[in-house]
>>> print(open('input-v6.txt').read())   # compact mmCIF, C-alpha atoms and all ligand atoms
# COMPACT_ATOMS: atom_id res chain seq x y z
CA MET C 1 36.07 -194.86 86.11
CA ASP C 2 34.66 -197.48 83.84
CA GLU C 3 37.36 -198.94 81.67
CA GLU C 4 35.41 -198.64 78.45
CA CYS C 5 35.09 -194.93 79.01
CA THR C 6 38.83 -194.41 78.81
CA ASP C 7 39.48 -196.77 75.95
CA VAL C 8 41.68 -194.84 73.59
CA ASN C 9 43.58 -197.82 72.30
CA MET C 10 41.90 -197.71 68.95
CA GLU C 11 44.73 -197.90 66.50
CA ILE C 12 45.03 -195.62 63.55
CA GLU C 13 44.22 -197.73 60.54
CA ARG C 14 44.41 -195.13 57.81
CA ASP C 15 46.77 -192.36 57.19
CA THR C 16 44.89 -190.60 54.44
CA PRO C 17 44.93 -186.84 54.86
CA GLN C 18 41.73 -185.64 56.49
CA ALA C 19 39.94 -182.37 57.02
CA VAL C 20 37.17 -181.90 59.58
CA SER C 21 34.84 -179.08 60.60
CA VAL C 22 33.68 -178.62 64.17
CA VAL C 23 30.18 -177.18 63.84
CA ILE C 24 26.94 -176.56 65.69
CA LEU C 25 24.44 -173.78 65.05
CA LYS C 26 24.47 -172.68 68.68
CA GLY C 27 26.88 -170.37 70.47
CA GLY C 28 29.13 -171.23 73.36
CA VAL C 29 28.83 -175.01 73.16
CA GLY C 30 32.53 -175.71 72.69
CA LYS C 31 33.34 -175.49 68.99
CA SER C 32 36.53 -173.50 69.56
CA THR C 33 37.61 -175.53 72.59
CA THR C 34 36.96 -178.83 70.82
CA SER C 35 38.50 -177.85 67.48
CA MET C 36 41.64 -176.39 68.98
CA ASN C 37 42.28 -179.32 71.29
CA LEU C 38 41.49 -181.76 68.50
CA ALA C 39 44.02 -179.97 66.29
CA ARG C 40 46.56 -180.18 69.11
CA GLN C 41 46.14 -183.96 69.38
CA LEU C 42 46.10 -184.48 65.60
CA ALA C 43 49.42 -182.68 65.53
CA GLU C 44 50.83 -185.71 67.39
CA HIS C 45 49.96 -187.81 64.33
CA GLY C 46 50.81 -185.52 61.45
CA ARG C 47 51.25 -181.99 60.17
CA THR C 48 48.16 -180.09 61.20
CA LEU C 49 46.56 -176.80 60.21
CA PHE C 50 44.00 -175.29 62.56
CA ALA C 51 41.77 -172.91 60.58
CA ASP C 52 39.65 -170.40 62.45
CA LEU C 53 36.72 -169.51 60.19
CA ASP C 54 34.66 -167.81 62.89
CA PRO C 55 34.57 -164.00 62.51
CA ASN C 56 34.51 -163.71 66.33
CA GLY C 57 38.10 -164.99 66.30
CA HIS C 58 37.83 -166.53 69.77
CA ALA C 59 40.28 -169.29 68.95
CA THR C 60 42.71 -166.99 67.14
CA ASN C 61 42.71 -164.51 70.01
CA GLY C 62 42.62 -167.33 72.57
CA LEU C 63 45.88 -168.61 71.11
CA GLY C 64 47.35 -165.10 71.41
CA PHE C 65 47.27 -164.11 67.73
CA ARG C 66 45.60 -160.74 68.28
CA GLU C 67 47.81 -158.99 65.73
CA ALA C 68 47.11 -161.52 63.01
CA TYR C 69 43.38 -161.10 63.69
CA GLN C 70 43.74 -157.41 62.82
CA SER C 71 46.20 -157.81 59.99
CA ASP C 72 45.63 -156.06 56.66
CA THR C 73 46.43 -159.30 54.85
CA ASN C 74 43.68 -161.76 55.65
CA LEU C 75 41.65 -164.71 54.40
CA GLY C 76 39.74 -162.46 51.98
CA ASN C 77 42.96 -161.67 50.11
CA VAL C 78 43.57 -165.39 49.62
CA ILE C 79 40.11 -166.66 48.71
CA LEU C 80 38.54 -163.61 47.06
CA GLU C 81 40.44 -161.06 45.04
CA GLY C 82 44.10 -160.30 45.51
CA ASN C 83 47.09 -162.49 45.00
CA ALA C 84 47.93 -163.44 48.57
CA THR C 85 48.73 -167.12 49.12
CA PRO C 86 47.85 -169.22 52.18
CA SER C 87 51.43 -168.95 53.41
CA ASP C 88 51.03 -165.16 53.60
CA ILE C 89 48.50 -165.57 56.41
CA ILE C 90 49.28 -168.93 58.05
CA GLN C 91 51.08 -168.58 61.38
CA SER C 92 53.24 -171.13 63.11
CA THR C 93 52.43 -171.64 66.79
CA ASP C 94 54.21 -173.09 69.84
CA HIS C 95 51.65 -175.90 69.91
CA GLN C 96 52.79 -178.22 67.08
CA PHE C 97 50.06 -177.07 64.70
CA ASP C 98 49.89 -174.08 62.36
CA LEU C 99 47.11 -171.52 62.54
CA LEU C 100 45.11 -170.01 59.74
CA PRO C 101 43.86 -167.04 61.73
CA SER C 102 40.42 -165.50 61.74
CA SER C 103 40.23 -161.82 60.87
CA ASN C 104 38.17 -158.82 61.91
CA THR C 105 37.21 -158.57 58.22
CA LEU C 106 35.60 -162.03 58.01
CA GLU C 107 32.05 -160.70 58.18
CA ASP C 108 32.73 -158.70 55.00
CA VAL C 109 34.48 -161.69 53.45
CA GLU C 110 31.34 -163.72 54.13
CA LYS C 111 29.17 -161.12 52.37
CA ASP C 112 31.50 -161.06 49.37
CA LEU C 113 31.55 -164.86 49.18
CA ALA C 114 27.76 -164.78 48.72
CA GLY C 115 28.20 -162.95 45.42
CA ALA C 116 31.32 -164.75 44.26
CA MET C 117 31.49 -167.43 41.58
CA GLN C 118 31.80 -170.82 43.37
CA GLY C 119 31.56 -168.87 46.63
CA SER C 120 31.10 -172.02 48.75
CA ALA C 121 34.15 -173.74 47.30
CA ARG C 122 36.76 -171.01 47.74
CA VAL C 123 38.35 -172.38 50.92
CA LYS C 124 38.50 -175.79 49.28
CA SER C 125 40.06 -174.60 46.04
CA LYS C 126 42.39 -171.94 47.47
CA ILE C 127 43.46 -173.54 50.75
CA VAL C 128 42.59 -177.18 51.31
CA ASP C 129 43.18 -178.60 47.83
CA PRO C 130 46.65 -177.07 47.49
CA LEU C 131 47.76 -177.83 51.07
CA LEU C 132 46.10 -181.05 52.28
CA GLY C 133 48.26 -184.05 51.57
CA ASP C 134 51.11 -181.78 50.58
CA GLU C 135 51.90 -179.35 53.41
CA TYR C 136 49.45 -180.81 55.92
CA ASP C 137 48.05 -184.20 56.88
CA TYR C 138 45.13 -182.73 58.80
CA VAL C 139 43.06 -179.56 58.64
CA VAL C 140 40.60 -178.68 61.41
CA PHE C 141 38.04 -175.89 60.98
CA ASP C 142 36.51 -173.90 63.81
CA CYS C 143 33.16 -172.67 62.47
CA PRO C 144 30.67 -169.89 63.20
CA ALA C 145 27.49 -170.57 65.23
CA TYR C 146 25.18 -169.41 62.41
CA PRO C 147 24.55 -170.76 58.91
CA GLY C 148 26.23 -168.93 56.05
CA MET C 149 29.01 -168.91 53.49
CA LEU C 150 31.82 -169.55 55.98
CA ASN C 151 30.11 -172.65 57.33
CA ASN C 152 29.35 -173.75 53.76
CA ASN C 153 32.99 -173.30 52.84
CA ALA C 154 34.10 -175.38 55.81
CA LEU C 155 31.67 -178.18 54.86
CA VAL C 156 32.69 -178.23 51.21
CA ALA C 157 36.39 -178.10 52.10
CA SER C 158 36.26 -180.84 54.73
CA GLY C 159 33.33 -183.18 53.96
CA ASN C 160 33.62 -184.30 57.58
CA VAL C 161 32.08 -182.81 60.69
CA MET C 162 32.17 -183.22 64.43
CA ILE C 163 29.33 -181.74 66.47
CA PRO C 164 29.84 -180.75 70.12
CA ILE C 165 26.73 -180.68 72.26
CA GLU C 166 26.19 -179.56 75.86
CA PRO C 167 23.60 -180.59 78.46
CA GLY C 168 20.51 -178.43 78.84
CA SER C 169 17.03 -178.05 77.48
CA SER C 170 18.17 -176.70 74.10
CA ALA C 171 20.93 -179.25 73.52
CA ILE C 172 19.28 -181.68 71.13
CA GLY C 173 17.56 -178.71 69.48
CA GLY C 174 20.94 -177.28 68.52
CA TYR C 175 21.94 -180.62 67.03
CA LYS C 176 18.70 -180.93 65.06
CA ARG C 177 18.93 -177.35 63.78
CA THR C 178 22.48 -178.06 62.60
CA MET C 179 21.34 -181.14 60.73
CA GLU C 180 18.28 -179.47 59.20
CA ARG C 181 19.72 -176.08 58.33
CA LEU C 182 23.31 -176.89 57.52
CA ILE C 183 24.21 -180.54 56.97
CA GLU C 184 21.12 -181.79 55.13
CA PRO C 185 20.99 -178.84 52.69
CA ALA C 186 24.71 -179.37 51.98
CA ARG C 187 24.06 -183.07 51.35
CA GLU C 188 21.98 -182.12 48.30
CA TYR C 189 25.31 -181.26 46.67
CA ILE C 190 28.17 -182.92 48.56
CA ASP C 191 28.85 -185.86 50.86
CA VAL C 192 29.06 -184.83 54.48
CA ASP C 193 30.09 -187.42 57.01
CA VAL C 194 29.29 -186.79 60.67
CA LEU C 195 32.32 -188.38 62.35
CA ALA C 196 31.21 -187.74 65.93
CA VAL C 197 28.62 -186.07 68.13
CA ILE C 198 30.48 -185.11 71.28
CA PRO C 199 28.96 -184.30 74.66
CA ASN C 200 30.83 -181.37 76.26
CA LYS C 201 30.78 -179.64 79.66
CA LEU C 202 29.36 -182.66 81.50
CA SER C 203 29.37 -182.04 85.24
CA ASP C 204 26.48 -183.90 86.86
CA ARG C 205 26.01 -187.44 88.08
CA ILE C 206 24.09 -189.67 85.76
CA ASP C 207 22.57 -192.07 88.31
CA GLN C 208 19.89 -189.41 88.87
CA GLN C 209 17.65 -187.51 86.45
CA THR C 210 20.07 -184.70 85.64
CA GLU C 211 20.46 -182.76 82.40
CA ASP C 212 23.66 -184.72 81.76
CA ARG C 213 21.77 -187.98 82.00
CA GLU C 214 19.02 -186.68 79.75
CA LEU C 215 21.57 -185.71 77.11
CA LEU C 216 23.44 -189.01 77.28
CA GLU C 217 20.23 -191.06 77.18
CA ASN C 218 18.98 -189.02 74.24
CA LEU C 219 22.23 -189.40 72.30
CA ASN C 220 22.61 -193.07 73.07
CA THR C 221 19.06 -194.10 72.23
CA ALA C 222 18.00 -191.72 69.46
CA SER C 223 16.89 -193.64 66.42
CA TYR C 224 17.25 -190.84 63.90
CA GLU C 225 19.97 -191.17 61.32
CA VAL C 226 23.11 -189.11 61.56
CA ASN C 227 24.63 -190.58 58.39
CA GLU C 228 22.89 -192.70 55.79
CA GLY C 229 21.91 -195.94 57.52
CA GLN C 230 23.67 -194.95 60.74
CA PRO C 231 21.79 -194.07 63.93
CA LEU C 232 22.99 -191.13 66.00
CA GLN C 233 24.21 -193.35 68.83
CA GLU C 234 26.92 -194.83 66.61
CA ALA C 235 28.40 -191.35 66.22
CA VAL C 236 28.85 -190.97 69.98
CA PRO C 237 32.52 -191.58 70.86
CA SER C 238 33.13 -194.61 73.05
CA PHE C 239 33.98 -192.40 76.04
CA ALA C 240 30.37 -191.17 76.10
CA ARG C 241 28.54 -194.27 74.91
CA ILE C 242 26.28 -195.77 77.56
CA THR C 243 23.77 -198.38 76.47
CA ALA C 244 20.21 -198.72 77.75
CA ASP C 245 21.38 -201.92 79.46
CA GLU C 246 24.14 -200.05 81.22
CA PHE C 247 21.71 -197.38 82.41
CA GLU C 248 19.58 -200.17 83.87
CA GLN C 249 22.59 -201.61 85.65
CA ILE C 250 23.50 -198.15 86.97
CA ASP C 251 19.97 -197.66 88.31
CA ALA C 252 19.99 -201.11 89.91
CA GLY C 253 23.29 -200.31 91.60
CA GLU C 254 24.94 -203.18 89.73
CA MET C 255 27.49 -201.05 87.98
CA GLN C 256 29.74 -198.27 89.15
CA THR C 257 28.41 -195.02 87.72
CA PRO C 258 30.71 -193.89 84.92
CA LYS C 259 31.78 -190.28 84.46
CA PRO C 260 31.76 -189.95 80.70
CA GLY C 261 33.53 -187.17 78.80
CA ILE C 262 33.99 -184.50 77.85
CA ARG C 263 33.66 -182.95 81.28
CA HIS C 264 33.49 -179.38 82.45
CA ARG C 265 36.99 -178.49 83.60
CA SER C 266 38.22 -175.06 84.59
CA ALA C 267 41.57 -175.98 83.03
CA LEU C 268 39.81 -175.98 79.65
CA SER C 269 38.48 -172.44 80.00
CA ARG C 270 41.62 -171.16 81.72
CA SER C 271 43.90 -172.60 79.04
CA LEU C 272 42.17 -170.45 76.42
CA GLN C 273 42.73 -167.36 78.55
CA GLU C 274 46.40 -168.32 78.75
CA ASP C 275 46.85 -168.71 74.99
CA GLN C 276 47.26 -172.51 75.09
CA PRO C 277 45.61 -175.79 74.20
CA LEU C 278 44.97 -178.09 77.17
CA GLN C 279 47.87 -180.39 76.27
CA ASP C 280 50.38 -177.58 76.83
CA TYR C 281 48.54 -175.86 79.70
CA ASP C 282 47.86 -178.98 81.79
CA PRO C 283 49.38 -182.11 80.23
CA ASP C 284 48.08 -184.22 83.13
CA SER C 285 44.44 -183.24 82.61
CA ASP C 286 42.06 -186.20 82.73
CA GLN C 287 40.27 -184.87 79.63
CA ILE C 288 43.23 -185.18 77.26
CA PRO C 289 42.56 -188.86 76.39
CA TYR C 290 39.18 -187.80 75.02
CA TYR C 291 40.75 -185.34 72.59
CA GLN C 292 43.22 -188.07 71.68
CA GLU C 293 40.33 -190.34 70.85
CA LEU C 294 38.71 -187.64 68.71
CA ALA C 295 42.01 -187.28 66.86
CA LYS C 296 42.07 -191.02 66.19
CA ILE C 297 38.53 -190.89 64.86
CA VAL C 298 39.56 -188.17 62.40
CA ALA C 299 42.74 -189.95 61.40
CA ASN C 300 40.75 -193.14 60.80
CA GLY C 301 38.19 -191.23 58.76
CA GLY C 302 35.44 -192.34 61.13
CA GLN C 303 34.76 -194.50 64.15
CA VAL C 304 35.81 -198.10 64.16
CA LYS C 305 32.67 -200.14 64.65
N1 LIG E 1 34.64 -178.80 78.74
C1 LIG E 1 34.70 -177.51 79.13
N2 LIG E 1 34.98 -177.21 80.43
C2 LIG E 1 35.02 -175.93 80.85
N3 LIG E 1 34.80 -174.87 80.07
C3 LIG E 1 34.51 -175.09 78.76
C4 LIG E 1 34.46 -176.42 78.23
N4 LIG E 1 34.17 -176.33 76.91
C5 LIG E 1 34.05 -175.02 76.64
N5 LIG E 1 34.24 -174.28 77.76
C6 LIG E 1 34.15 -172.82 77.90
O1 LIG E 1 32.86 -172.42 77.43
C7 LIG E 1 32.95 -171.22 76.69
C8 LIG E 1 32.44 -171.49 75.27
O2 LIG E 1 33.30 -172.45 74.67
P1 LIG E 1 33.82 -172.26 73.18
O3 LIG E 1 34.35 -170.88 73.01
O4 LIG E 1 34.72 -173.38 72.86
O5 LIG E 1 32.43 -172.43 72.44
P2 LIG E 1 32.04 -172.04 70.93
O6 LIG E 1 30.98 -172.99 70.54
O7 LIG E 1 33.25 -171.95 70.10
O8 LIG E 1 31.44 -170.59 71.16
P3 LIG E 1 31.13 -169.45 70.05
O9 LIG E 1 29.85 -169.90 69.40
O10 LIG E 1 30.95 -168.20 70.88
O11 LIG E 1 32.28 -169.39 69.11
C9 LIG E 1 34.40 -170.78 76.72
O12 LIG E 1 34.56 -169.87 77.77
C10 LIG E 1 35.14 -172.08 77.02
O13 LIG E 1 36.34 -171.84 77.72
MG MG E 2 33.98 -170.41 68.97
>>> encode(input="input-v6.txt", output="structure tokens", more="lines below")
Ligand SMILES: Nc1ncnc2c1ncn2[C@@H]1O[C@H](COP(=O)(O)OP(=O)(O)OP(=O)(O)O)[C@@H](O)[C@H]1O
Ligand SMILES: [Mg+2]
Amino acid sequence: MDEECTDVNMEIERDTPQAVSVVILKGGVGKSTTSMNLARQLAEHGRTLFADLDPNGHATNGLGFREAYQSDTNLGNVILEGNATPSDIIQSTDHQFDLLPSSNTLEDVEKDLAGAMQGSARVKSKIVDPLLGDEYDYVVFDCPAYPGMLNNNALVASGNVMIPIEPGSSAIGGYKRTMERLIEPAREYIDVDVLAVIPNKLSDRIDQQTEDRELLENLNTASYEVNEGQPLQEAVPSFARITADEFEQIDAGEMQTPKPGIRHRSALSRSLQEDQPLQDYDPDSDQIPYYQELAKIVANGGQVK
């Protein structure tokens, strides 16, 4: 494998507390997988809270917290009415991070947030502001696949996002929809920094015209801005960055074809069925360095240019 693709030696230069939301307005792309494994690697750097804001509760249930998902005391009691505190619902896990579980009531919570005073800032004011920098160094949100009050709360509470994206004809469409329907509207009111756009479930060779190649070429050449004055390609983590020059070298047979991350691995889907992040399920997995790099990007508050 190309050396640049496994470069995770980027040092952590900042240790400011950070929150980040893993979002894309498209189902099944890898929000839960990415957010949970990112939280697991951030936990190696500092105290980490993994917050599952998706009503489907895939991450909560995937970590084995089926009872918490059905508990009478839930996020609504903390951020809407009631006098529950975050510690009433936060669970400790065997995976170094704590879990703020999703709940089978979150769809109702979302409806109630729409009519609540400062309904988009409740997670910030009731959870992140009191805990980040005090109880936790990092907070990672797993978000729903549709726009709404829970996604808005995650954006307001974190101000940082990472966007997973998978190969296929609708891939870039999902990214653009997320920018147009979620991030840009939020930017009318708050700063939102896109820390990374992360290819996921790569499985094809890229020395031929595959969907993987199309995605990587799109990401690495797109001229549209992801952050003010920053083209999309600069938000691609180094393990997936392939320049136009490098593609030319690949096509000319002058360069060994890299296998960029994050790749499709059965260990990643199986680990969720076995209630574990990848680090604990298969510590030797070749994909772990990529989650480590994502953790460093968060800890640094962005990519080192
Ligand atoms: N890199 C990967 N390799 C193999 N399987 C993966 C990978 N990433 C995600 N998956 C699998 O793809 C499915 C969807 O992933 P995940 O649940 O993380 O997506 P999501 O965006 O959170 O979905 P939803 O919108 O339904 O919440 C899951 O079964 C997961 O195990
Ligand atoms: Mg999910």
>>> closest_residue(input="input-v6.txt", among="C:Ala157, C:Val29, C:Ala196, C:Met149", to="C:Tyr291", atoms="all atoms listed in the file")
C:Ala196
>>> closest_residue(input="input-v6.txt", among="C:Glu135, C:Leu100, C:Cys143, C:Arg66", to="ligand MG 2 (chain E)", atoms="all atoms listed in the file")
C:Cys143
>>> atom_distance(input="input-v6.txt", atom1="atom CA of C:Asp286", atom2="atom CA of C:Asp207")
21.1 Å
>>> atom_distance(input="input-v6.txt", atom1="atom CA of C:Tyr136", atom2="atom CA of C:Pro237")
25.0 Å
>>> residues_around(input="input-v6.txt", residues="C:Ala145", least_positions_apart="2", cutoff="6 Å", atoms="all atoms listed in the file", output="number ranges by chain")
C: 25-27
>>> closest_atom_pairs(input="input-v6.txt", of="chain C", to="ligand LIG 1 (chain E)", cutoff="7 Å", atoms="all atoms listed in the file", output="JSON lines")
{"residue": "C:Lys26", "atom": "CA", "partner": "E:LIG1", "partner_atom": "O9", "distance": 6.1}
{"residue": "C:Gly27", "atom": "CA", "partner": "E:LIG1", "partner_atom": "O9", "distance": 3.2}
{"residue": "C:Gly28", "atom": "CA", "partner": "E:LIG1", "partner_atom": "O8", "distance": 3.3}
{"residue": "C:Val29", "atom": "CA", "partner": "E:LIG1", "partner_atom": "O6", "distance": 3.9}
{"residue": "C:Gly30", "atom": "CA", "partner": "E:LIG1", "partner_atom": "O4", "distance": 3.2}
{"residue": "C:Lys31", "atom": "CA", "partner": "E:LIG1", "partner_atom": "O7", "distance": 3.7}
{"residue": "C:Ser32", "atom": "CA", "partner": "E:LIG1", "partner_atom": "O7", "distance": 3.7}
{"residue": "C:Thr33", "atom": "CA", "partner": "E:LIG1", "partner_atom": "O4", "distance": 3.6}
{"residue": "C:Thr34", "atom": "CA", "partner": "E:LIG1", "partner_atom": "O4", "distance": 6.2}
{"residue": "C:Asp54", "atom": "CA", "partner": "E:LIG1", "partner_atom": "O11", "distance": 6.8}
{"residue": "C:Asn56", "atom": "CA", "partner": "E:LIG1", "partner_atom": "O11", "distance": 6.7}
{"residue": "C:His58", "atom": "CA", "partner": "E:LIG1", "partner_atom": "O11", "distance": 6.3}
{"residue": "C:Pro144", "atom": "CA", "partner": "E:LIG1", "partner_atom": "O11", "distance": 6.1}
{"residue": "C:Ala145", "atom": "CA", "partner": "E:LIG1", "partner_atom": "O9", "distance": 4.8}
{"residue": "C:Asn200", "atom": "CA", "partner": "E:LIG1", "partner_atom": "N1", "distance": 5.2}
{"residue": "C:Lys201", "atom": "CA", "partner": "E:LIG1", "partner_atom": "N1", "distance": 4.1}
{"residue": "C:Ile262", "atom": "CA", "partner": "E:LIG1", "partner_atom": "N1", "distance": 5.8}
{"residue": "C:Arg263", "atom": "CA", "partner": "E:LIG1", "partner_atom": "N1", "distance": 5.0}
{"residue": "C:His264", "atom": "CA", "partner": "E:LIG1", "partner_atom": "N2", "distance": 3.3}
{"residue": "C:Arg265", "atom": "CA", "partner": "E:LIG1", "partner_atom": "N2", "distance": 4.0}
{"residue": "C:Ser266", "atom": "CA", "partner": "E:LIG1", "partner_atom": "C2", "distance": 5.0}
{"residue": "C:Ala267", "atom": "CA", "partner": "E:LIG1", "partner_atom": "C2", "distance": 6.9}
{"residue": "C:Leu268", "atom": "CA", "partner": "E:LIG1", "partner_atom": "C2", "distance": 4.9}
{"residue": "C:Ser269", "atom": "CA", "partner": "E:LIG1", "partner_atom": "O13", "distance": 3.2}
{"residue": "C:Arg270", "atom": "CA", "partner": "E:LIG1", "partner_atom": "O13", "distance": 6.7}
{"residue": "C:Leu272", "atom": "CA", "partner": "E:LIG1", "partner_atom": "O13", "distance": 6.1}
>>> atom_distance(input="input-v6.txt", atom1="atom CA of C:Asp129", atom2="atom CA of C:Val226")
26.5 Å
>>> closest_residue(input="input-v6.txt", among="C:Gln91, C:Gln273, C:Ser158, C:Asn227", to="C:Gln18", atoms="all atoms listed in the file")
C:Ser158
>>> residues_around(input="input-v6.txt", residues="C:Leu195", least_positions_apart="4", cutoff="7 Å", atoms="all atoms listed in the file", output="list of chain:residue names")
C:Asn160, C:Val161, C:Met162, C:Ala235, C:Gly302, C:Gln303
>>> residues_around(input="input-v6.txt", residues="C:Leu202", least_positions_apart="5", cutoff="10 Å", atoms="all atoms listed in the file", output="PyMOL selection string")
chain C and resi 165-167+211-213+215-216+259-265
>>> residues_around(input="input-v6.txt", residues="C:Ser223", least_positions_apart="4", cutoff="12 Å", atoms="only C-alpha atoms", output="list in words")
Glu217, Asn218, Leu219, Asn227, Gly229, Gln230, Pro231, Leu232, Gln233, Glu234 and Ala235 of chain C
>>> residues_near_point(input="input-v6.txt", point="(42.6, -171.0, 51.0)", cutoff="9 Å", atoms="all atoms listed in the file", output="compact mmCIF listing (two decimals) with C-alpha atoms, in the coordinates of the input")
# COMPACT_ATOMS: atom_id res chain seq x y z
CA LEU C 75 41.65 -164.71 54.40
CA VAL C 78 43.57 -165.39 49.62
CA ILE C 79 40.11 -166.66 48.71
CA THR C 85 48.73 -167.12 49.12
CA PRO C 86 47.85 -169.22 52.18
CA ARG C 122 36.76 -171.01 47.74
CA VAL C 123 38.35 -172.38 50.92
CA LYS C 124 38.50 -175.79 49.28
CA SER C 125 40.06 -174.60 46.04
CA LYS C 126 42.39 -171.94 47.47
CA ILE C 127 43.46 -173.54 50.75
CA VAL C 128 42.59 -177.18 51.31
CA ASP C 129 43.18 -178.60 47.83
CA PRO C 130 46.65 -177.07 47.49
CA LEU C 131 47.76 -177.83 51.07
>>> closest_residue(input="input-v6.txt", among="C:Pro258, C:Gln70, C:Tyr146, C:Asp134", to="ligand MG 2 (chain E)", atoms="all atoms listed in the file")
C:Tyr146
>>> closest_residue(input="input-v6.txt", among="C:Asp98, C:Asp72, C:Asp112, C:Asp204", to="C:Met36", atoms="only C-alpha atoms")
C:Asp98
>>> closest_residue(input="input-v6.txt", among="C:Gln209, C:Ser102, C:Ser87, C:Gln96", to="ligand MG 2 (chain E)", atoms="only C-alpha atoms and all ligand atoms")
C:Ser102
>>> residues_near_point(input="input-v6.txt", point="(29.1, -182.0, 70.3)", cutoff="6 Å", atoms="only C-alpha atoms", output="VMD selection string")
chain C and resid 163 to 165 197 to 199
>>> write_last_selection(input="input-v6.txt", atoms="C-alpha atoms", output="short mmCIF file (atom, residue, chain, number, x, y, z; two decimals), keeping the file's coordinate frame")
data_model
loop_
_atom_site.label_atom_id
_atom_site.label_comp_id
_atom_site.auth_asym_id
_atom_site.auth_seq_id
_atom_site.Cartn_x
_atom_site.Cartn_y
_atom_site.Cartn_z
CA ILE C 163 29.33 -181.74 66.47
CA PRO C 164 29.84 -180.75 70.12
CA ILE C 165 26.73 -180.68 72.26
CA VAL C 197 28.62 -186.07 68.13
CA ILE C 198 30.48 -185.11 71.28
CA PRO C 199 28.96 -184.30 74.66
#
>>> residues_around(input="input-v6.txt", residues="C:Leu294", least_positions_apart="4", cutoff="7 Å", atoms="all atoms listed in the file", output="MDAnalysis selection string")
chainID C and resid 38 290 298
>>> decode(input="input-v6.txt", residues="stretch 189-211 of chain C", atoms="C-alpha atoms", output="PDB file, in the first residue's frame")
ATOM      1  CA  TYR C 189     -27.043  31.311  12.024  1.00  0.00           C
ATOM      2  CA  ILE C 190     -23.964  29.427  13.233  1.00  0.00           C
ATOM      3  CA  ASP C 191     -20.475  28.477  12.081  1.00  0.00           C
ATOM      4  CA  VAL C 192     -20.296  24.918  10.835  1.00  0.00           C
ATOM      5  CA  ASP C 193     -16.913  23.506   9.965  1.00  0.00           C
ATOM      6  CA  VAL C 194     -16.764  20.431   7.740  1.00  0.00           C
ATOM      7  CA  LEU C 195     -13.732  18.642   9.195  1.00  0.00           C
ATOM      8  CA  ALA C 196     -13.736  15.735   6.749  1.00  0.00           C
ATOM      9  CA  VAL C 197     -15.588  14.069   3.895  1.00  0.00           C
ATOM     10  CA  ILE C 198     -14.841  10.379   4.261  1.00  0.00           C
ATOM     11  CA  PRO C 199     -15.205   7.707   1.592  1.00  0.00           C
ATOM     12  CA  ASN C 200     -16.625   4.513   3.128  1.00  0.00           C
ATOM     13  CA  LYS C 201     -17.224   0.944   1.916  1.00  0.00           C
ATOM     14  CA  LEU C 202     -14.597   1.127  -0.844  1.00  0.00           C
ATOM     15  CA  SER C 203     -14.101  -2.289  -2.413  1.00  0.00           C
ATOM     16  CA  ASP C 204     -13.121  -1.900  -6.060  1.00  0.00           C
ATOM     17  CA  ARG C 205      -9.851  -1.303  -7.832  1.00  0.00           C
ATOM     18  CA  ILE C 206      -9.263   2.243  -8.927  1.00  0.00           C
ATOM     19  CA  ASP C 207      -7.030   1.601 -11.950  1.00  0.00           C
ATOM     20  CA  GLN C 208     -10.246   0.943 -13.897  1.00  0.00           C
ATOM     21  CA  GLN C 209     -13.449   2.965 -14.274  1.00  0.00           C
ATOM     22  CA  THR C 210     -15.219   1.660 -11.183  1.00  0.00           C
ATOM     23  CA  GLU C 211     -17.678   3.447  -8.906  1.00  0.00           C
TER      24      GLU C 211
END
